[in-house]
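Heads up, final_35.pdb below (PDB, C-alpha atoms, pLDDT in the B column):
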ATOM      1  CA  MET A   1      59.542 115.302  71.145  1.00 80.00           C
ATOM      2  CA  ASN A   2      59.083 114.471  74.832  1.00 92.00           C
ATOM      3  CA  PRO A   3      60.292 117.078  77.341  1.00 96.00           C
ATOM      4  CA  ILE A   4      63.294 116.415  79.563  1.00 97.00           C
ATOM      5  CA  ARG A   5      61.968 115.158  82.877  1.00 98.00           C
ATOM      6  CA  ILE A   6      63.869 116.569  85.842  1.00 98.00           C
ATOM      7  CA  GLY A   7      63.728 116.327  89.617  1.00 98.00           C
ATOM      8  CA  ILE A   8      65.028 118.993  92.010  1.00 98.00           C
ATOM      9  CA  THR A   9      66.593 118.089  95.345  1.00 98.00           C
ATOM     10  CA  ASP A  10      67.452 121.087  97.508  1.00 97.00           C
ATOM     11  CA  ASP A  11      66.689 121.948 101.128  1.00 95.00           C
ATOM     12  CA  HIS A  12      66.156 125.648 100.376  1.00 94.00           C
ATOM     13  CA  GLU A  13      62.559 126.321  99.375  1.00 95.00           C
ATOM     14  CA  MET A  14      63.403 129.572  97.597  1.00 95.00           C
ATOM     15  CA  VAL A  15      65.932 127.786  95.412  1.00 95.00           C
ATOM     16  CA  ARG A  16      63.365 125.166  94.435  1.00 96.00           C
ATOM     17  CA  LEU A  17      60.683 127.770  93.775  1.00 96.00           C
ATOM     18  CA  GLY A  18      63.047 129.828  91.645  1.00 95.00           C
ATOM     19  CA  LEU A  19      64.108 126.867  89.547  1.00 96.00           C
ATOM     20  CA  VAL A  20      60.567 125.577  89.091  1.00 96.00           C
ATOM     21  CA  SER A  21      59.337 129.026  88.071  1.00 96.00           C
ATOM     22  CA  TYR A  22      62.073 129.373  85.509  1.00 96.00           C
ATOM     23  CA  PHE A  23      61.677 125.875  84.054  1.00 96.00           C
ATOM     24  CA  MET A  24      57.985 126.555  83.542  1.00 95.00           C
ATOM     25  CA  THR A  25      59.096 128.940  80.789  1.00 95.00           C
ATOM     26  CA  GLU A  26      61.148 126.199  79.107  1.00 96.00           C
ATOM     27  CA  PRO A  27      58.838 124.076  76.903  1.00 95.00           C
ATOM     28  CA  ASP A  28      61.342 121.233  76.597  1.00 96.00           C
ATOM     29  CA  ILE A  29      61.913 120.820  80.363  1.00 97.00           C
ATOM     30  CA  GLU A  30      59.362 119.342  82.774  1.00 97.00           C
ATOM     31  CA  VAL A  31      59.809 119.332  86.557  1.00 97.00           C
ATOM     32  CA  ILE A  32      58.370 116.026  87.758  1.00 97.00           C
ATOM     33  CA  GLY A  33      58.965 116.601  91.456  1.00 97.00           C
ATOM     34  CA  GLU A  34      60.849 118.312  94.272  1.00 97.00           C
ATOM     35  CA  ALA A  35      62.682 116.969  97.310  1.00 97.00           C
ATOM     36  CA  ARG A  36      64.031 118.664 100.436  1.00 95.00           C
ATOM     37  CA  SER A  37      66.711 116.144 101.364  1.00 96.00           C
ATOM     38  CA  GLY A  38      68.878 113.393  99.981  1.00 95.00           C
ATOM     39  CA  LYS A  39      66.528 110.689 101.233  1.00 96.00           C
ATOM     40  CA  GLU A  40      63.515 112.433  99.703  1.00 97.00           C
ATOM     41  CA  GLY A  41      65.485 112.767  96.485  1.00 97.00           C
ATOM     42  CA  VAL A  42      66.025 108.997  96.384  1.00 97.00           C
ATOM     43  CA  ILE A  43      62.298 108.391  96.889  1.00 97.00           C
ATOM     44  CA  LEU A  44      61.488 110.913  94.166  1.00 97.00           C
ATOM     45  CA  ALA A  45      63.868 109.208  91.757  1.00 98.00           C
ATOM     46  CA  LYS A  46      62.370 105.767  92.482  1.00 97.00           C
ATOM     47  CA  GLU A  47      58.825 107.002  91.904  1.00 97.00           C
ATOM     48  CA  HIS A  48      59.383 109.060  88.780  1.00 97.00           C
ATOM     49  CA  MET A  49      62.704 107.890  87.248  1.00 97.00           C
ATOM     50  CA  PRO A  50      63.701 111.376  85.957  1.00 98.00           C
ATOM     51  CA  ASP A  51      66.085 111.939  83.069  1.00 98.00           C
ATOM     52  CA  VAL A  52      68.002 114.484  85.134  1.00 98.00           C
ATOM     53  CA  MET A  53      68.220 115.195  88.848  1.00 98.00           C
ATOM     54  CA  LEU A  54      69.474 118.544  90.130  1.00 98.00           C
ATOM     55  CA  MET A  55      71.134 117.689  93.426  1.00 98.00           C
ATOM     56  CA  ASP A  56      72.276 119.927  96.256  1.00 97.00           C
ATOM     57  CA  LEU A  57      75.074 118.566  98.451  1.00 95.00           C
ATOM     58  CA  LEU A  58      74.809 119.611 102.091  1.00 92.00           C
ATOM     59  CA  MET A  59      71.345 118.752 103.368  1.00 92.00           C
ATOM     60  CA  GLU A  60      69.923 117.229 106.503  1.00 86.00           C
ATOM     61  CA  ASN A  61      68.418 113.744 106.374  1.00 88.00           C
ATOM     62  CA  GLY A  62      70.783 112.446 103.695  1.00 87.00           C
ATOM     63  CA  ASN A  63      73.312 114.493 101.767  1.00 93.00           C
ATOM     64  CA  GLY A  64      73.646 114.779  98.025  1.00 95.00           C
ATOM     65  CA  ILE A  65      76.631 112.458  97.728  1.00 95.00           C
ATOM     66  CA  GLU A  66      74.833 109.602  99.491  1.00 95.00           C
ATOM     67  CA  ALA A  67      71.725 110.211  97.407  1.00 97.00           C
ATOM     68  CA  THR A  68      73.732 110.243  94.175  1.00 97.00           C
ATOM     69  CA  LYS A  69      75.270 106.864  94.944  1.00 97.00           C
ATOM     70  CA  GLU A  70      71.917 105.316  95.842  1.00 97.00           C
ATOM     71  CA  ILE A  71      69.993 106.696  92.873  1.00 97.00           C
ATOM     72  CA  LEU A  72      72.562 105.400  90.405  1.00 97.00           C
ATOM     73  CA  THR A  73      72.243 101.878  91.813  1.00 97.00           C
ATOM     74  CA  PHE A  74      68.641 101.566  90.573  1.00 97.00           C
ATOM     75  CA  HIS A  75      68.586 104.269  87.880  1.00 97.00           C
ATOM     76  CA  PRO A  76      72.062 104.284  86.285  1.00 96.00           C
ATOM     77  CA  THR A  77      70.997 106.317  83.242  1.00 96.00           C
ATOM     78  CA  CYS A  78      69.880 109.271  85.361  1.00 97.00           C
ATOM     79  CA  LYS A  79      72.112 112.284  84.844  1.00 97.00           C
ATOM     80  CA  ILE A  80      72.718 113.654  88.316  1.00 97.00           C
ATOM     81  CA  MET A  81      73.823 117.255  88.184  1.00 98.00           C
ATOM     82  CA  ILE A  82      75.240 118.748  91.361  1.00 97.00           C
ATOM     83  CA  LEU A  83      73.930 122.276  91.919  1.00 97.00           C
ATOM     84  CA  THR A  84      75.588 123.750  94.989  1.00 95.00           C
ATOM     85  CA  SER A  85      77.442 126.687  96.498  1.00 92.00           C
ATOM     86  CA  TYR A  86      80.433 124.547  97.488  1.00 90.00           C
ATOM     87  CA  TYR A  87      83.472 123.766  95.389  1.00 87.00           C
ATOM     88  CA  ASP A  88      86.094 122.630  97.896  1.00 87.00           C
ATOM     89  CA  GLU A  89      87.929 119.306  97.711  1.00 85.00           C
ATOM     90  CA  GLU A  90      85.805 117.797 100.491  1.00 88.00           C
ATOM     91  CA  GLN A  91      82.704 118.120  98.288  1.00 90.00           C
ATOM     92  CA  VAL A  92      83.899 118.057  94.679  1.00 92.00           C
ATOM     93  CA  PHE A  93      85.874 114.823  94.567  1.00 92.00           C
ATOM     94  CA  PRO A  94      83.449 112.668  96.611  1.00 93.00           C
ATOM     95  CA  ALA A  95      80.562 113.924  94.440  1.00 94.00           C
ATOM     96  CA  LEU A  96      82.338 113.093  91.190  1.00 93.00           C
ATOM     97  CA  GLU A  97      83.470 109.742  92.556  1.00 93.00           C
ATOM     98  CA  ALA A  98      79.872 109.001  93.543  1.00 95.00           C
ATOM     99  CA  GLY A  99      78.899 109.338  89.880  1.00 96.00           C
ATOM    100  CA  ALA A 100      77.677 112.917  89.511  1.00 96.00           C
ATOM    101  CA  PHE A 101      77.525 113.734  85.800  1.00 96.00           C
ATOM    102  CA  SER A 102      77.878 117.513  86.034  1.00 96.00           C
ATOM    103  CA  TYR A 103      78.905 119.958  88.756  1.00 96.00           C
ATOM    104  CA  LEU A 104      77.315 123.403  88.694  1.00 96.00           C
ATOM    105  CA  LEU A 105      77.430 126.325  91.097  1.00 95.00           C
ATOM    106  CA  LYS A 106      74.338 128.222  92.226  1.00 94.00           C
ATOM    107  CA  THR A 107      75.827 131.464  90.947  1.00 93.00           C
ATOM    108  CA  LEU A 108      75.151 130.184  87.427  1.00 93.00           C
ATOM    109  CA  PRO A 109      72.359 132.038  85.558  1.00 94.00           C
ATOM    110  CA  ALA A 110      69.165 130.006  85.179  1.00 94.00           C
ATOM    111  CA  TYR A 111      69.437 129.842  81.392  1.00 95.00           C
ATOM    112  CA  LYS A 112      72.887 128.308  81.757  1.00 96.00           C
ATOM    113  CA  ILE A 113      71.429 125.617  83.991  1.00 97.00           C
ATOM    114  CA  SER A 114      68.874 124.865  81.286  1.00 97.00           C
ATOM    115  CA  GLU A 115      71.635 124.600  78.711  1.00 97.00           C
ATOM    116  CA  ALA A 116      73.569 122.256  80.987  1.00 97.00           C
ATOM    117  CA  ILE A 117      70.479 120.061  81.387  1.00 97.00           C
ATOM    118  CA  ARG A 118      70.066 119.786  77.620  1.00 97.00           C
ATOM    119  CA  ASP A 119      73.755 119.014  77.246  1.00 96.00           C
ATOM    120  CA  ALA A 120      73.505 116.322  79.914  1.00 96.00           C
ATOM    121  CA  VAL A 121      70.783 114.358  78.141  1.00 96.00           C
ATOM    122  CA  ASN A 122      72.978 114.520  75.037  1.00 94.00           C
ATOM    123  CA  GLY A 123      75.882 113.058  76.945  1.00 94.00           C
ATOM    124  CA  GLN A 124      77.876 116.237  77.488  1.00 95.00           C
ATOM    125  CA  ALA A 125      78.908 117.039  81.052  1.00 95.00           C
ATOM    126  CA  THR A 126      79.194 120.573  82.392  1.00 95.00           C
ATOM    127  CA  ILE A 127      81.747 121.346  85.090  1.00 94.00           C
ATOM    128  CA  ALA A 128      81.969 124.793  86.694  1.00 93.00           C
ATOM    129  CA  PRO A 129      85.282 126.533  85.850  1.00 91.00           C
ATOM    130  CA  LYS A 130      86.263 126.778  89.530  1.00 89.00           C
ATOM    131  CA  VAL A 131      85.714 123.050  89.891  1.00 90.00           C
ATOM    132  CA  THR A 132      87.690 122.338  86.721  1.00 89.00           C
ATOM    133  CA  ASP A 133      90.595 124.380  88.090  1.00 86.00           C
ATOM    134  CA  LEU A 134      90.485 122.390  91.323  1.00 85.00           C
ATOM    135  CA  VAL A 135      90.454 119.063  89.502  1.00 82.00           C
ATOM    136  CA  MET A 136      93.296 120.062  87.183  1.00 82.00           C
ATOM    137  CA  LYS A 137      95.368 121.267  90.117  1.00 78.00           C
ATOM    138  CA  LYS A 138      94.820 117.922  91.828  1.00 75.00           C
ATOM    139  CA  LEU A 139      95.777 115.967  88.714  1.00 72.00           C
ATOM    140  CA  ARG A 140      98.754 118.118  87.787  1.00 68.00           C
ATOM    141  CA  PRO A 141     102.011 116.183  88.301  1.00 64.00           C
ATOM    142  CA  LYS A 142     103.846 117.167  91.451  1.00 63.00           C
ATOM    143  CA  GLU A 143     106.909 119.287  90.801  1.00 72.00           C
ATOM    144  CA  HIS A 144     110.096 117.348  91.476  1.00 75.00           C
ATOM    145  CA  GLN A 145     111.883 118.463  94.638  1.00 84.00           C
ATOM    146  CA  LEU A 146     115.558 117.998  95.421  1.00 87.00           C
ATOM    147  CA  HIS A 147     114.756 115.994  98.542  1.00 90.00           C
ATOM    148  CA  ASP A 148     112.855 113.469  96.407  1.00 88.00           C
ATOM    149  CA  ASP A 149     116.284 112.047  95.523  1.00 90.00           C
ATOM    150  CA  LEU A 150     117.272 111.377  99.129  1.00 92.00           C
ATOM    151  CA  THR A 151     117.405 107.839 100.448  1.00 92.00           C
ATOM    152  CA  GLY A 152     115.236 106.930 103.415  1.00 90.00           C
ATOM    153  CA  ARG A 153     118.173 107.242 105.811  1.00 93.00           C
ATOM    154  CA  GLU A 154     119.249 110.578 104.302  1.00 93.00           C
ATOM    155  CA  LEU A 155     115.719 111.847 104.771  1.00 93.00           C
ATOM    156  CA  ASP A 156     115.885 110.792 108.422  1.00 93.00           C
ATOM    157  CA  VAL A 157     119.125 112.737 108.769  1.00 94.00           C
ATOM    158  CA  LEU A 158     117.556 115.798 107.120  1.00 94.00           C
ATOM    159  CA  LYS A 159     114.698 115.669 109.624  1.00 93.00           C
ATOM    160  CA  CYS A 160     117.226 115.578 112.437  1.00 93.00           C
ATOM    161  CA  LEU A 161     119.067 118.548 110.947  1.00 93.00           C
ATOM    162  CA  GLY A 162     115.752 120.377 110.741  1.00 91.00           C
ATOM    163  CA  ASP A 163     115.305 119.712 114.463  1.00 90.00           C
ATOM    164  CA  GLY A 164     118.735 121.237 115.103  1.00 90.00           C
ATOM    165  CA  LEU A 165     120.406 118.037 116.321  1.00 92.00           C
ATOM    166  CA  SER A 166     124.171 117.655 116.465  1.00 93.00           C
ATOM    167  CA  ASN A 167     125.978 114.741 114.803  1.00 94.00           C
ATOM    168  CA  GLN A 168     126.204 112.978 118.171  1.00 94.00           C
ATOM    169  CA  GLU A 169     122.482 113.450 118.802  1.00 94.00           C
ATOM    170  CA  ILE A 170     121.684 112.195 115.304  1.00 94.00           C
ATOM    171  CA  ALA A 171     123.823 109.123 115.886  1.00 94.00           C
ATOM    172  CA  GLU A 172     122.032 108.377 119.145  1.00 93.00           C
ATOM    173  CA  GLN A 173     118.566 108.930 117.670  1.00 91.00           C
ATOM    174  CA  LEU A 174     119.167 106.822 114.556  1.00 92.00           C
ATOM    175  CA  PHE A 175     121.385 104.234 116.294  1.00 93.00           C
ATOM    176  CA  ILE A 176     124.252 104.685 113.852  1.00 94.00           C
ATOM    177  CA  GLY A 177     127.908 105.667 114.204  1.00 93.00           C
ATOM    178  CA  ILE A 178     129.297 109.188 114.040  1.00 94.00           C
ATOM    179  CA  LYS A 179     131.239 108.441 110.852  1.00 93.00           C
ATOM    180  CA  THR A 180     128.054 107.162 109.232  1.00 94.00           C
ATOM    181  CA  VAL A 181     126.213 110.293 110.297  1.00 94.00           C
ATOM    182  CA  LYS A 182     128.913 112.497 108.762  1.00 94.00           C
ATOM    183  CA  THR A 183     128.685 110.528 105.515  1.00 95.00           C
ATOM    184  CA  HIS A 184     124.893 110.882 105.381  1.00 95.00           C
ATOM    185  CA  VAL A 185     125.080 114.601 106.193  1.00 94.00           C
ATOM    186  CA  SER A 186     127.657 115.120 103.435  1.00 95.00           C
ATOM    187  CA  ASN A 187     125.577 113.194 100.877  1.00 95.00           C
ATOM    188  CA  THR A 188     122.406 115.014 101.927  1.00 95.00           C
ATOM    189  CA  LEU A 189     124.015 118.437 101.535  1.00 94.00           C
ATOM    190  CA  ALA A 190     125.364 117.476  98.107  1.00 94.00           C
ATOM    191  CA  LYS A 191     121.987 116.262  96.840  1.00 93.00           C
ATOM    192  CA  LEU A 192     120.236 119.367  98.161  1.00 93.00           C
ATOM    193  CA  GLU A 193     122.943 121.592  96.660  1.00 92.00           C
ATOM    194  CA  LEU A 194     123.589 123.173 100.069  1.00 92.00           C
ATOM    195  CA  THR A 195     126.886 124.132 101.714  1.00 91.00           C
ATOM    196  CA  ASP A 196     126.275 123.562 105.435  1.00 92.00           C
ATOM    197  CA  ARG A 197     123.938 122.004 107.994  1.00 90.00           C
ATOM    198  CA  THR A 198     122.373 125.375 108.848  1.00 90.00           C
ATOM    199  CA  GLN A 199     121.115 125.700 105.278  1.00 92.00           C
ATOM    200  CA  ALA A 200     119.885 122.114 105.526  1.00 92.00           C
ATOM    201  CA  ALA A 201     117.941 122.982 108.674  1.00 90.00           C
ATOM    202  CA  VAL A 202     116.344 125.969 106.955  1.00 90.00           C
ATOM    203  CA  TYR A 203     115.489 123.801 103.922  1.00 91.00           C
ATOM    204  CA  ALA A 204     113.899 121.123 106.108  1.00 91.00           C
ATOM    205  CA  ASN A 205     111.759 123.678 107.918  1.00 90.00           C
ATOM    206  CA  ARG A 206     110.639 125.418 104.732  1.00 88.00           C
ATOM    207  CA  GLN A 207     109.668 122.091 103.162  1.00 88.00           C
ATOM    208  CA  GLY A 208     108.009 120.814 106.319  1.00 87.00           C
ATOM    209  CA  ILE A 209     110.399 117.870 106.526  1.00 88.00           C
ATOM    210  CA  LEU A 210     110.456 117.491 110.297  1.00 80.00           C
ATOM    211  CA  HIS A 211     109.833 114.851 112.891  1.00 72.00           C
ATOM    212  CA  SER A 212     106.291 115.067 114.194  1.00 56.00           C
ATOM    213  CA  LYS A 213     106.169 116.512 117.663  1.00 47.00           C
ATOM    214  CA  SER A 214     103.541 115.661 120.227  1.00 37.00           C
TER     215      SER A 214
END

Take the structure I supplied and represent it as structure tokens, if you would.
Amino acid sequence: MNPIRIGITDDHEMVRLGLVSYFMTEPDIEVIGEARSGKEGVILAKEHMPDVMLMDLLMENGNGIEATKEILTFHPTCKIMILTSYYDEEQVFPALEAGAFSYLLKTLPAYKISEAIRDAVNGQATIAPKVTDLVMKKLRPKEHQLHDDLTGRELDVLKCLGDGLSNQEIAEQLFIGIKTVKTHVSNTLAKLELTDRTQAAVYANRQGILHSKS
């Protein structure tokens, strides 16, 4: 059985050396090349067409997300596995959207990386638990808030209450009559299950429902 052919793209030499040294002990994994940047990783992929590419994210001369997108345009069957220290939203979601197959953290033991490589060629992705938690949190339905039931005009009134405006000031700002303001205030308090405008102001501030200030 042919070994799994992998490329390593990482700008830290010690990381590359450590991975190469470890993979030399794995008879079913063959390192076909190393790259120090995203652009070098693309060249490596074009020359050797690896089965798997271990890809760092933040590198000079082409980051891992850009490289992932480009590699998959000419080598769509390559399993690109992100191997990084970062797991914030600014890195995780763009990487997955770019087509990364797996997302691993550099704190992972080397043998676990080998297992993830074998799983990848068998079609099974590996996502670091911290990354999974982030993704699930992002996908989890937003909890319904009382102010979600307000009309657009009632929301405007709530913002004004949060700014501490009087009924007259609200009327002038929204270009509506005093009686209309009182009606909107009453309806807003009822929907928010509050008893007075002071509570409404506190609610608006806690929820961040305020007019933007320059």

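Every residue that the PyMOL selection byres ((chain A and resi 115) around 12) selects in this file is listed here: Ile4, Phe23, Glu26, Asp28, Ile29, Ser102, Leu104, Leu108, Pro109, Ala110, Tyr111, Lys112, Ile113, Ser114, Ala116, Ile117, Arg118, Asp119, Ala120, Val121, Asn122, Gln124, Ala125 and Thr126 of chain A.
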
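This file gives the following result for the PyMOL selection byres ((chain A and resi 58) around 9): Asp10, Asp11, Ser37, Gly38, Asp56, Leu57, Met59, Glu60, Gly62, Asn63, Gly64, Ile65, Thr84, Tyr86 and Gln91 of chain A.
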
Now that the selection is made, can you save its residues with C-alpha atoms as an mmCIF file, in the frame of the given file?
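Generated output (out.cif):
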data_model
loop_
_atom_site.group_PDB
_atom_site.id
_atom_site.type_symbol
_atom_site.label_atom_id
_atom_site.label_comp_id
_atom_site.auth_asym_id
_atom_site.auth_seq_id
_atom_site.Cartn_x
_atom_site.Cartn_y
_atom_site.Cartn_z
ATOM 1 C CA ASP A 10 67.452 121.087 97.508
ATOM 2 C CA ASP A 11 66.689 121.948 101.128
ATOM 3 C CA SER A 37 66.711 116.144 101.364
ATOM 4 C CA GLY A 38 68.878 113.393 99.981
ATOM 5 C CA ASP A 56 72.276 119.927 96.256
ATOM 6 C CA LEU A 57 75.074 118.566 98.451
ATOM 7 C CA MET A 59 71.345 118.752 103.368
ATOM 8 C CA GLU A 60 69.923 117.229 106.503
ATOM 9 C CA GLY A 62 70.783 112.446 103.695
ATOM 10 C CA ASN A 63 73.312 114.493 101.767
ATOM 11 C CA GLY A 64 73.646 114.779 98.025
ATOM 12 C CA ILE A 65 76.631 112.458 97.728
ATOM 13 C CA THR A 84 75.588 123.750 94.989
ATOM 14 C CA TYR A 86 80.433 124.547 97.488
ATOM 15 C CA GLN A 91 82.704 118.120 98.288
#

### Task
Taking the file as shown, find all residues satisfying the PyMOL selection byres ((chain A and resi 40-45) around 10) and write them as a ChimeraX atom specification.
/A:6-10,32-39,46-56,61-64,66-72,74-75,78

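Using only C-alpha atoms, the shortest contact distance between Lys138 (chain A) and any of A:Gly208, A:Thr25, A:Met1, A:Glu89 is found at A:Glu89.
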
### Task
Mind checking which residues fall within 10 Å of Tyr203 (chain A), counting all atoms listed in the file, ignoring those fewer than 3 positions away in the same chain, and posting them as a ChimeraX atom specification?
/A:147,158-159,161-162,192,194,197-200,206-209

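Here CA of Gln145 (chain A) stands at a distance of 10.6 Å from CA of Lys191 (chain A).
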
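Using only C-alpha atoms, the nearest neighbour of Gly99 (chain A) within the list A:Ala171, A:Ala190, A:Ile178, A:Met81 is A:Met81.
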
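Taking CA of Arg16 (chain A) as the reference point, CA of Val31 (chain A) is found at 10.4 Å.
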
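With CA of Ala128 (chain A) on one side and CA of Val15 (chain A) on the other, the separation reads 18.5 Å.
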
Mind giving me the axis-aligned box for region 7-22 of chain A with 6 Å on every side, centre plus edges in Å to one decimal, as AutoDock Vina command-line options?
--center_x 63.4 --center_y 123.1 --center_z 93.3 --size_x 20.1 --size_y 25.5 --size_z 27.6

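In terms of minimum interatomic distance to Val92 (chain A), A:Lys130 ranks closest within A:Lys130, A:Lys79, A:Lys106, A:Arg5, counting all atoms listed in the file.
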